[in-house]
$ cat work_38.cif   # mmCIF, C-alpha atoms
data_final
loop_
_atom_site.label_atom_id
_atom_site.label_comp_id
_atom_site.auth_asym_id
_atom_site.auth_seq_id
_atom_site.Cartn_x
_atom_site.Cartn_y
_atom_site.Cartn_z
CA MET L 1 -16.36 39.44 -9.09
CA ILE L 2 -13.70 37.23 -10.67
CA ASN L 3 -12.90 35.97 -7.14
CA TYR L 4 -16.40 34.57 -6.74
CA ILE L 5 -16.50 33.06 -10.22
CA TRP L 6 -13.10 31.41 -9.95
CA GLY L 7 -13.63 30.14 -6.41
CA GLY L 8 -17.23 29.22 -7.12
CA PHE L 9 -16.24 26.87 -9.95
CA PHE L 10 -13.95 24.95 -7.59
CA ILE L 11 -16.47 24.79 -4.78
CA ILE L 12 -19.42 23.79 -6.97
CA GLY L 13 -17.35 21.30 -8.97
CA ILE L 14 -15.77 19.58 -5.97
CA ILE L 15 -18.95 19.43 -3.88
CA TYR L 16 -20.99 18.12 -6.81
CA SER L 17 -18.40 15.43 -7.49
CA PHE L 18 -18.59 14.37 -3.83
CA ILE L 19 -22.36 14.07 -4.11
CA THR L 20 -22.21 12.04 -7.33
CA GLY L 21 -19.22 10.00 -6.14
CA ASN L 22 -17.08 11.08 -9.09
CA THR L 23 -14.03 12.23 -7.11
CA GLU L 24 -11.46 10.24 -9.13
CA ASP L 25 -11.93 12.45 -12.22
CA ILE L 26 -11.70 15.66 -10.21
CA ASN L 27 -8.52 14.50 -8.56
CA THR L 28 -6.76 13.83 -11.87
CA GLU L 29 -8.19 17.02 -13.33
CA ILE L 30 -6.66 19.23 -10.64
CA LEU L 31 -3.29 17.60 -11.18
CA THR L 32 -3.22 17.49 -15.00
CA SER L 33 -4.97 20.74 -16.05
CA ALA L 34 -1.98 22.87 -15.23
CA SER L 35 0.16 21.07 -17.79
CA SER L 36 -2.52 21.36 -20.46
CA SER L 37 -2.39 25.14 -20.04
CA ILE L 38 1.26 25.07 -21.10
CA ASN L 39 0.32 23.36 -24.36
CA MET L 40 -2.42 25.88 -24.93
CA ILE L 41 -0.07 28.85 -24.47
CA LEU L 42 2.71 27.35 -26.58
CA GLN L 43 0.33 26.87 -29.46
CA LEU L 44 -1.27 30.27 -29.07
CA LEU L 45 2.07 32.10 -28.95
CA PRO L 46 3.21 31.94 -32.62
CA ILE L 47 -0.06 33.25 -34.03
CA MET L 48 -0.30 36.08 -31.55
CA CYS L 49 3.28 37.08 -32.39
CA LEU L 50 2.72 36.84 -36.13
CA TRP L 51 -0.43 38.94 -36.07
CA LEU L 52 0.93 41.58 -33.72
CA GLY L 53 4.02 41.81 -35.97
CA ILE L 54 1.86 42.54 -39.01
CA MET L 55 -0.20 45.03 -37.03
CA GLN L 56 2.93 46.81 -35.77
CA ILE L 57 3.80 47.51 -39.43
CA ALA L 58 0.26 48.84 -40.00
CA SER L 59 0.62 51.07 -36.98
CA ASP L 60 4.11 52.37 -37.91
CA SER L 61 3.12 53.10 -41.50
CA GLY L 62 0.14 55.15 -40.32
CA LEU L 63 -2.38 52.77 -41.87
CA ILE L 64 -4.37 52.34 -38.64
CA LYS L 65 -4.49 56.11 -38.13
CA THR L 66 -5.65 56.66 -41.72
CA ILE L 67 -8.49 54.14 -41.38
CA SER L 68 -9.53 55.62 -38.01
CA ARG L 69 -9.73 59.06 -39.61
CA LYS L 70 -11.87 57.64 -42.45
CA ILE L 71 -14.53 56.32 -40.09
CA THR L 72 -14.68 59.41 -37.85
CA PRO L 73 -17.53 61.08 -39.87
CA LEU L 74 -19.66 57.95 -39.39
CA ILE L 75 -18.81 57.88 -35.67
CA THR L 76 -19.80 61.56 -35.37
CA LYS L 77 -23.32 60.62 -36.54
CA LEU L 78 -23.62 57.85 -33.94
CA PHE L 79 -22.72 60.22 -31.10
CA PRO L 80 -24.96 63.29 -31.48
CA GLU L 81 -24.13 64.55 -27.97
CA ILE L 82 -20.40 64.93 -28.70
CA PRO L 83 -19.55 68.17 -30.56
CA PRO L 84 -18.02 67.43 -34.04
CA GLY L 85 -14.23 67.61 -34.00
CA HIS L 86 -14.00 66.74 -30.28
CA GLU L 87 -11.05 64.50 -29.37
CA ALA L 88 -13.44 61.86 -27.93
CA LEU L 89 -14.50 61.01 -31.49
CA THR L 90 -10.95 60.27 -32.65
CA LEU L 91 -10.31 58.14 -29.57
CA ILE L 92 -13.53 56.19 -30.16
CA SER L 93 -12.60 55.60 -33.82
CA SER L 94 -9.12 54.33 -32.90
CA ASN L 95 -10.58 51.99 -30.31
CA ILE L 96 -13.10 50.55 -32.78
CA ILE L 97 -10.50 50.03 -35.53
CA MET L 98 -8.12 48.25 -33.15
CA ASN L 99 -10.90 45.97 -31.94
CA MET L 100 -11.79 45.21 -35.57
CA LEU L 101 -8.23 44.10 -36.29
CA GLY L 102 -8.16 41.79 -33.29
CA LEU L 103 -5.89 44.04 -31.21
CA GLY L 104 -8.05 43.97 -28.09
CA ASN L 105 -5.22 44.74 -25.68
CA ALA L 106 -4.03 47.73 -27.69
CA ALA L 107 -7.62 48.97 -27.96
CA THR L 108 -8.27 49.18 -24.21
CA PRO L 109 -6.06 52.26 -23.46
CA PHE L 110 -7.86 54.18 -26.24
CA GLY L 111 -11.19 53.05 -24.84
CA LEU L 112 -10.34 54.24 -21.36
CA LYS L 113 -9.13 57.59 -22.73
CA ALA L 114 -12.34 57.91 -24.74
CA MET L 115 -14.39 57.35 -21.56
CA LYS L 116 -12.39 60.03 -19.75
CA SER L 117 -12.89 62.44 -22.61
CA MET L 118 -16.66 61.77 -22.62
CA GLN L 119 -16.72 62.25 -18.85
CA SER L 120 -15.39 65.80 -19.36
CA LEU L 121 -18.61 66.55 -21.29
CA ASN L 122 -20.76 64.99 -18.56
CA HIS L 123 -22.76 67.22 -16.18
CA GLU L 124 -23.66 64.52 -13.63
CA LYS L 125 -20.32 62.88 -12.89
CA ASP L 126 -21.72 59.68 -11.33
CA THR L 127 -24.25 58.96 -14.07
CA ALA L 128 -23.56 57.40 -17.47
CA THR L 129 -24.27 59.59 -20.48
CA ARG L 130 -26.01 58.43 -23.62
CA SER L 131 -22.73 58.58 -25.60
CA MET L 132 -20.93 56.42 -23.06
CA ILE L 133 -23.57 53.72 -23.30
CA THR L 134 -23.52 53.81 -27.11
CA PHE L 135 -19.73 53.46 -27.02
CA LEU L 136 -19.87 50.48 -24.66
CA VAL L 137 -22.51 48.77 -26.80
CA ILE L 138 -20.25 49.07 -29.87
CA ASN L 139 -17.33 47.89 -27.78
CA THR L 140 -18.98 44.81 -26.29
CA ALA L 141 -20.66 43.77 -29.53
CA SER L 142 -17.16 44.19 -31.03
CA VAL L 143 -17.21 44.17 -34.81
CA THR L 144 -14.26 41.88 -35.45
CA ILE L 145 -12.60 41.25 -38.81
CA ILE L 146 -9.89 38.88 -37.63
CA PRO L 147 -10.70 36.76 -34.58
CA THR L 148 -7.01 35.87 -34.07
CA THR L 149 -7.36 33.77 -30.92
CA VAL L 150 -10.28 31.75 -32.27
CA ILE L 151 -8.35 30.96 -35.45
CA SER L 152 -5.34 29.73 -33.47
CA PHE L 153 -7.51 27.48 -31.32
CA ARG L 154 -9.10 26.05 -34.46
CA ILE L 155 -5.62 25.27 -35.80
CA ILE L 156 -4.71 23.57 -32.51
CA ALA L 157 -7.89 21.47 -32.67
CA GLY L 158 -6.85 20.26 -36.14
CA SER L 159 -9.38 22.08 -38.33
CA ASN L 160 -9.17 21.42 -42.08
CA ASN L 161 -9.83 25.08 -42.74
CA PRO L 162 -9.32 27.14 -39.57
CA THR L 163 -10.21 30.46 -41.22
CA ASP L 164 -13.47 29.32 -42.85
CA ILE L 165 -15.47 30.96 -40.04
CA VAL L 166 -13.99 34.43 -40.69
CA LEU L 167 -16.71 35.66 -43.06
CA VAL L 168 -19.55 34.33 -40.88
CA SER L 169 -17.89 35.95 -37.85
CA ILE L 170 -17.73 39.31 -39.60
CA ILE L 171 -21.39 39.13 -40.63
CA THR L 172 -22.52 37.94 -37.19
CA SER L 173 -20.61 40.57 -35.25
CA PHE L 174 -21.71 43.31 -37.64
CA LEU L 175 -25.40 42.35 -37.39
CA SER L 176 -25.33 41.99 -33.61
CA CYS L 177 -23.62 45.38 -33.36
CA ILE L 178 -26.41 46.94 -35.42
CA ILE L 179 -29.04 45.26 -33.24
CA GLY L 180 -27.18 46.59 -30.18
CA LEU L 181 -27.25 50.13 -31.61
CA ILE L 182 -30.97 49.87 -32.38
CA LEU L 183 -31.69 48.64 -28.83
CA ASP L 184 -29.52 51.46 -27.48
CA ARG L 185 -31.60 54.06 -29.34
CA LEU L 186 -34.83 52.37 -28.30
CA PHE L 187 -33.95 52.28 -24.59
CA TYR L 188 -32.76 55.89 -24.75
CA LEU L 189 -36.04 57.06 -26.31
CA LEU L 190 -38.17 55.02 -23.87
CA ARG L 191 -36.25 56.44 -20.92
CA ARG L 192 -36.53 59.99 -22.21
CA LYS L 193 -40.28 59.54 -22.70
CA LYS L 194 -40.69 58.20 -19.15
CA TYR L 195 -38.86 61.17 -17.66
CA ALA L 196 -40.69 63.66 -19.85
CA THR L 197 -44.09 62.45 -18.59
CA ASN L 198 -42.87 62.62 -14.98
CA ILE L 199 -42.17 66.33 -15.37
CA MET H 200 -18.23 31.57 -49.59
CA GLN H 201 -15.43 29.79 -47.73
CA GLN H 202 -13.22 31.01 -50.58
CA ILE H 203 -13.74 34.62 -49.50
CA SER H 204 -12.84 33.75 -45.91
CA SER H 205 -9.47 32.35 -46.92
CA PHE H 206 -8.67 35.52 -48.90
CA ILE H 207 -9.27 38.00 -46.09
CA ILE H 208 -6.07 37.45 -44.08
CA PRO H 209 -3.63 37.30 -47.06
CA ILE H 210 -5.20 40.47 -48.48
CA ILE H 211 -4.78 42.34 -45.17
CA VAL H 212 -1.15 41.15 -44.98
CA ILE H 213 -0.31 42.34 -48.50
CA ILE H 214 -2.05 45.71 -48.03
CA VAL H 215 -0.14 46.30 -44.78
CA ILE H 216 3.22 45.37 -46.33
CA ILE H 217 2.73 47.48 -49.46
CA HIS H 218 1.49 50.44 -47.40
CA GLY H 219 4.55 50.07 -45.16
CA LEU H 220 6.97 50.00 -48.10
CA ILE H 221 5.33 53.02 -49.77
CA ASN H 222 5.62 54.99 -46.54
CA LYS H 223 9.28 53.94 -46.20
CA VAL H 224 8.74 52.12 -42.91
CA SER H 225 11.47 49.62 -42.04
CA ILE H 226 8.87 46.87 -42.08
CA PHE H 227 11.18 44.12 -40.88
CA ASP H 228 12.10 45.98 -37.70
CA SER H 229 8.46 46.89 -37.10
CA PHE H 230 7.46 43.26 -37.51
CA ILE H 231 10.10 42.11 -35.00
CA GLN H 232 8.93 44.82 -32.60
CA GLY H 233 5.36 43.51 -32.87
CA VAL H 234 6.49 39.92 -32.35
CA LYS H 235 8.20 40.96 -29.11
CA GLU H 236 4.97 42.66 -28.08
CA GLY H 237 3.06 39.45 -28.85
CA LEU H 238 5.52 37.39 -26.84
CA LYS H 239 5.09 39.67 -23.84
CA MET H 240 1.31 39.74 -24.20
CA THR H 241 0.99 35.96 -24.39
CA LEU H 242 3.22 35.49 -21.36
CA ASP H 243 1.13 38.11 -19.54
CA ILE H 244 -2.08 36.13 -20.10
CA PHE H 245 -0.47 32.78 -19.21
CA PRO H 246 -1.21 32.96 -15.44
CA THR H 247 -4.86 33.81 -16.19
CA ILE H 248 -5.18 30.92 -18.65
CA LEU H 249 -3.62 28.47 -16.19
CA ALA H 250 -5.85 29.62 -13.34
CA MET H 251 -9.01 29.51 -15.43
CA ILE H 252 -8.23 26.14 -17.03
CA ILE H 253 -8.00 24.43 -13.65
CA SER H 254 -11.16 25.92 -12.21
CA ILE H 255 -13.26 25.46 -15.36
CA ASN H 256 -12.09 21.90 -15.85
CA VAL H 257 -12.96 21.02 -12.25
CA LEU H 258 -16.44 22.41 -12.87
CA LEU H 259 -16.82 20.60 -16.21
CA LYS H 260 -15.45 17.27 -14.98
CA SER H 261 -17.94 17.25 -12.09
CA ASN H 262 -20.63 16.87 -14.83
CA ILE H 263 -22.87 19.41 -13.14
CA ILE H 264 -23.17 21.50 -16.32
CA ILE H 265 -24.02 18.43 -18.41
CA ASP H 266 -26.62 17.32 -15.86
CA LEU H 267 -28.17 20.79 -15.78
CA THR H 268 -28.29 21.15 -19.56
CA ASN H 269 -29.81 17.66 -19.77
CA LEU H 270 -32.59 18.91 -17.52
CA LEU H 271 -33.10 21.85 -19.88
CA ASN H 272 -32.84 19.66 -22.96
CA PRO H 273 -36.60 19.26 -23.66
CA ILE H 274 -36.98 23.05 -23.80
CA LEU H 275 -33.81 23.49 -25.86
CA LYS H 276 -35.03 20.89 -28.36
CA ILE H 277 -38.24 22.83 -28.94
CA ILE H 278 -36.39 26.04 -29.74
CA ASN H 279 -33.72 24.05 -31.61
CA ILE H 280 -30.64 25.17 -29.67
CA PRO H 281 -27.81 22.60 -29.27
CA LYS H 282 -27.23 22.07 -25.56
CA ASP H 283 -23.42 22.14 -25.81
CA ILE H 284 -23.64 25.86 -26.59
CA ILE H 285 -25.33 26.77 -23.24
CA PRO H 286 -22.21 26.82 -20.99
CA LEU H 287 -20.39 28.96 -23.57
CA ALA H 288 -23.33 31.34 -23.94
CA LEU H 289 -23.54 31.75 -20.16
CA MET H 290 -19.83 32.40 -19.65
CA ARG H 291 -19.11 34.57 -22.70
CA PRO H 292 -20.33 37.89 -21.23
CA ILE H 293 -18.67 37.26 -17.84
CA SER H 294 -15.16 36.02 -18.50
CA GLY H 295 -13.19 35.98 -21.74
CA SER H 296 -10.62 33.41 -20.67
CA SER H 297 -13.16 30.95 -19.29
CA SER H 298 -15.36 31.10 -22.38
CA LEU H 299 -12.20 30.60 -24.47
CA ILE H 300 -11.50 27.40 -22.57
CA ILE H 301 -15.09 26.19 -22.92
CA MET H 302 -14.86 26.87 -26.67
CA ASN H 303 -11.61 24.92 -26.80
CA ASN H 304 -13.28 21.97 -25.06
CA ILE H 305 -16.06 22.04 -27.65
CA LEU H 306 -13.52 22.16 -30.51
CA VAL H 307 -11.55 19.23 -29.08
CA THR H 308 -14.50 16.99 -28.17
CA GLN H 309 -16.87 17.78 -31.06
CA GLY H 310 -14.35 18.76 -33.73
CA PRO H 311 -13.65 22.26 -35.10
CA ASP H 312 -15.35 21.56 -38.44
CA THR H 313 -18.70 20.45 -37.03
CA TYR H 314 -21.81 22.66 -36.80
CA ILE H 315 -21.40 23.06 -33.06
CA GLY H 316 -17.64 23.69 -33.37
CA ARG H 317 -18.22 26.46 -35.88
CA VAL H 318 -21.02 28.05 -33.86
CA ALA H 319 -18.77 28.08 -30.79
CA SER H 320 -15.96 29.69 -32.81
CA VAL H 321 -18.27 32.38 -34.20
CA ILE H 322 -19.77 33.20 -30.78
CA GLN H 323 -16.31 33.44 -29.22
CA GLY H 324 -15.03 35.57 -32.12
CA SER H 325 -17.86 38.01 -32.56
CA THR H 326 -18.82 39.17 -29.09
CA ASP H 327 -16.83 40.49 -26.17
CA THR H 328 -16.87 40.19 -22.39
CA THR H 329 -19.79 42.59 -21.83
CA ILE H 330 -19.93 42.56 -18.03
CA TYR H 331 -16.17 42.92 -17.67
CA ILE H 332 -15.92 45.80 -20.15
CA ILE H 333 -18.85 47.67 -18.62
CA GLY H 334 -17.34 47.22 -15.15
CA LEU H 335 -13.84 48.28 -16.19
CA TYR H 336 -14.81 51.28 -18.32
CA PHE H 337 -17.41 52.76 -15.97
CA SER H 338 -15.40 52.26 -12.81
CA SER H 339 -12.34 53.87 -14.44
CA ILE H 340 -14.15 57.22 -14.50
CA GLY H 341 -16.24 56.78 -11.36
CA ILE H 342 -19.68 56.22 -12.93
CA LYS H 343 -22.12 54.55 -10.55
CA LYS H 344 -25.47 54.89 -12.32
CA ILE H 345 -25.10 52.96 -15.54
CA LYS H 346 -28.76 53.25 -16.64
CA TYR H 347 -29.69 50.76 -19.40
CA ALA H 348 -26.07 49.89 -20.40
CA LEU H 349 -26.01 46.32 -19.05
CA LYS H 350 -29.47 45.49 -20.40
CA VAL H 351 -28.58 46.59 -23.94
CA GLY H 352 -25.16 44.88 -23.79
CA LEU H 353 -26.59 41.52 -22.73
CA LEU H 354 -29.46 41.68 -25.23
CA ALA H 355 -26.88 42.35 -27.97
CA ASP H 356 -24.95 39.26 -26.79
CA LEU H 357 -28.11 37.17 -26.95
CA SER H 358 -28.81 38.40 -30.48
CA CYS H 359 -25.24 37.50 -31.41
CA ILE H 360 -25.74 33.89 -30.26
CA ILE H 361 -28.99 33.56 -32.21
CA ILE H 362 -27.45 35.11 -35.33
CA ALA H 363 -24.43 32.76 -35.02
CA LEU H 364 -26.72 29.69 -34.88
CA VAL H 365 -28.65 30.87 -37.95
CA MET H 366 -25.64 32.07 -39.99
CA VAL H 367 -23.57 28.92 -39.51
CA SER H 368 -26.48 26.75 -40.66
CA ILE H 369 -26.96 28.98 -43.73
CA PHE H 370 -23.30 29.17 -44.75
CA PHE H 371 -22.14 25.61 -44.15
#
$ encode --input "work_38.cif" --output "structure tokens"
Amino acid sequence: MINYIWGGFFIIGIIYSFITGNTEDINTEILTSASSSINMILQLLPIMCLWLGIMQIASDSGLIKTISRKITPLITKLFPEIPPGHEALTLISSNIIMNMLGLGNAATPFGLKAMKSMQSLNHEKDTATRSMITFLVINTASVTIIPTTVISFRIIAGSNNPTDIVLVSIITSFLSCIIGLILDRLFYLLRRKKYATNI
Amino acid sequence: MQQISSFIIPIIVIIVIIHGLINKVSIFDSFIQGVKEGLKMTLDIFPTILAMIISINVLLKSNIIIDLTNLLNPILKIINIPKDIIPLALMRPISGSSSLIIMNNILVTQGPDTYIGRVASVIQGSTDTTIYIIGLYFSSIGIKKIKYALKVGLLADLSCIIIALVMVSIFF
């Protein structure tokens, strides 16, 4: 899909600029954008390094593991289909905690393992289970405590207080996650009702 | 309220360091290890950023998005949504790097401390690339029938955008 999006932007942009006669801008854009990406990366680099350094300490000291274990009982309630104590629940907790701390890349392997573990409980191997969908809703709504990348871009743009959006971000992501979970339940119940009346 | 925001990061840092010292972790080495990881990670995403910057900027500079949102403007005015947010809202669920670049454009042109700049930051920070994650996670285990997953994911994204618009106007 990324092929169509990436290519589509070029095609649409260039054709539209031909139609509107605005080719000069496009020409300079193609030639200068590449150098602006260097600036972007150079300014992103220190903050990514700093935050991953701090998080490496948290991971080595067992702090991340401890927090994951603390939220497992809550996670167990959200996934009634997974038997309590199953390894899927620990994997899900670790994935959620890492996402919360802004460690998206470190979270993905845990997420993939969690999916695999949930698949082992699945009876129809080509169909998503209720737990899988709940997990993906939590994952995409992503309750984030520290939006590291956003903060670094705010610094680059010269914000007076780059972290002033942190609290609002936490509240927003938390609320939208709850709405996602409510919708998830709702769709599950509607679907179950539909199938029950068919039988 | 902004006071609380500026406490969150220092508090996390001090908790992590104290917890590390109590558990006799060689925190300096761990930190260096993490920095190396960060260096590698940032270099890994560099090709993606470069590729996306060029293609998004070509699209944006052609003014097609501005022309389209201008067409939608009368409707957006009624429901009170700033039109600059539309491209970001459309791209956020599809591609993380392209929405990041759109957010950056908003921050640079409108300013990071404006209403629109803050809304863009909050949207970028508090939702993830729904379509990409659903694709990656389901295909990794061979699931083909995804039932209501995409519907719920996208509705949650929409709610996130609405909540961001409301919350930023309440808090700032």
$ atom_distance --input "work_38.cif" --atom1 "atom CA of H:Val321" --atom2 "atom CA of L:Thr163"
10.9 Å
$ resolve_selection --input "work_38.cif" --expression "the PyMOL selection byres ((chain L) within 6 of (chain H))" --output "mmCIF file with C-alpha atoms, keeping the file's coordinate frame"
data_model
loop_
_atom_site.group_PDB
_atom_site.id
_atom_site.type_symbol
_atom_site.label_atom_id
_atom_site.label_comp_id
_atom_site.auth_asym_id
_atom_site.auth_seq_id
_atom_site.Cartn_x
_atom_site.Cartn_y
_atom_site.Cartn_z
ATOM 1 C CA PHE L 9 -16.240 26.870 -9.950
ATOM 2 C CA PHE L 10 -13.950 24.950 -7.590
ATOM 3 C CA GLY L 13 -17.350 21.300 -8.970
ATOM 4 C CA SER L 17 -18.400 15.430 -7.490
ATOM 5 C CA ILE L 26 -11.700 15.660 -10.210
ATOM 6 C CA SER L 33 -4.970 20.740 -16.050
ATOM 7 C CA ALA L 34 -1.980 22.870 -15.230
ATOM 8 C CA SER L 37 -2.390 25.140 -20.040
ATOM 9 C CA MET L 48 -0.300 36.080 -31.550
ATOM 10 C CA CYS L 49 3.280 37.080 -32.390
ATOM 11 C CA LEU L 52 0.930 41.580 -33.720
ATOM 12 C CA GLY L 53 4.020 41.810 -35.970
ATOM 13 C CA ILE L 54 1.860 42.540 -39.010
ATOM 14 C CA GLN L 56 2.930 46.810 -35.770
ATOM 15 C CA ILE L 57 3.800 47.510 -39.430
ATOM 16 C CA ALA L 58 0.260 48.840 -40.000
ATOM 17 C CA SER L 61 3.120 53.100 -41.500
ATOM 18 C CA ASP L 126 -21.720 59.680 -11.330
ATOM 19 C CA THR L 127 -24.250 58.960 -14.070
ATOM 20 C CA ALA L 128 -23.560 57.400 -17.470
ATOM 21 C CA ILE L 133 -23.570 53.720 -23.300
ATOM 22 C CA VAL L 137 -22.510 48.770 -26.800
ATOM 23 C CA THR L 140 -18.980 44.810 -26.290
ATOM 24 C CA ALA L 141 -20.660 43.770 -29.530
ATOM 25 C CA SER L 142 -17.160 44.190 -31.030
ATOM 26 C CA PRO L 147 -10.700 36.760 -34.580
ATOM 27 C CA ARG L 154 -9.100 26.050 -34.460
ATOM 28 C CA ALA L 157 -7.890 21.470 -32.670
ATOM 29 C CA SER L 159 -9.380 22.080 -38.330
ATOM 30 C CA ASP L 164 -13.470 29.320 -42.850
ATOM 31 C CA VAL L 166 -13.990 34.430 -40.690
ATOM 32 C CA LEU L 167 -16.710 35.660 -43.060
ATOM 33 C CA SER L 169 -17.890 35.950 -37.850
ATOM 34 C CA THR L 172 -22.520 37.940 -37.190
ATOM 35 C CA SER L 173 -20.610 40.570 -35.250
ATOM 36 C CA SER L 176 -25.330 41.990 -33.610
ATOM 37 C CA GLY L 180 -27.180 46.590 -30.180
#
$ closest_residue --input "work_38.cif" --among "L:Ile82, L:Ile5, L:Leu44, L:Ile146" --to "H:Met290" --atoms "all atoms listed in the file"
L:Ile5
$ atom_distance --input "work_38.cif" --atom1 "atom CA of L:Met118" --atom2 "atom CA of L:Thr144"
23.8 Å
$ atom_distance --input "work_38.cif" --atom1 "atom CA of L:Ile12" --atom2 "atom CA of L:Glu24"
15.9 Å
$ residues_around --input "work_38.cif" --residues "H:Lys282" --least-positions-apart "6" --cutoff "9 Å" --atoms "all atoms listed in the file" --output "count of residues only"
7
$ closest_residue --input "work_38.cif" --among "L:Ser35, L:Gln119, L:Thr149, L:Ser93" --to "L:Ala107" --atoms "only C-alpha atoms"
L:Ser93
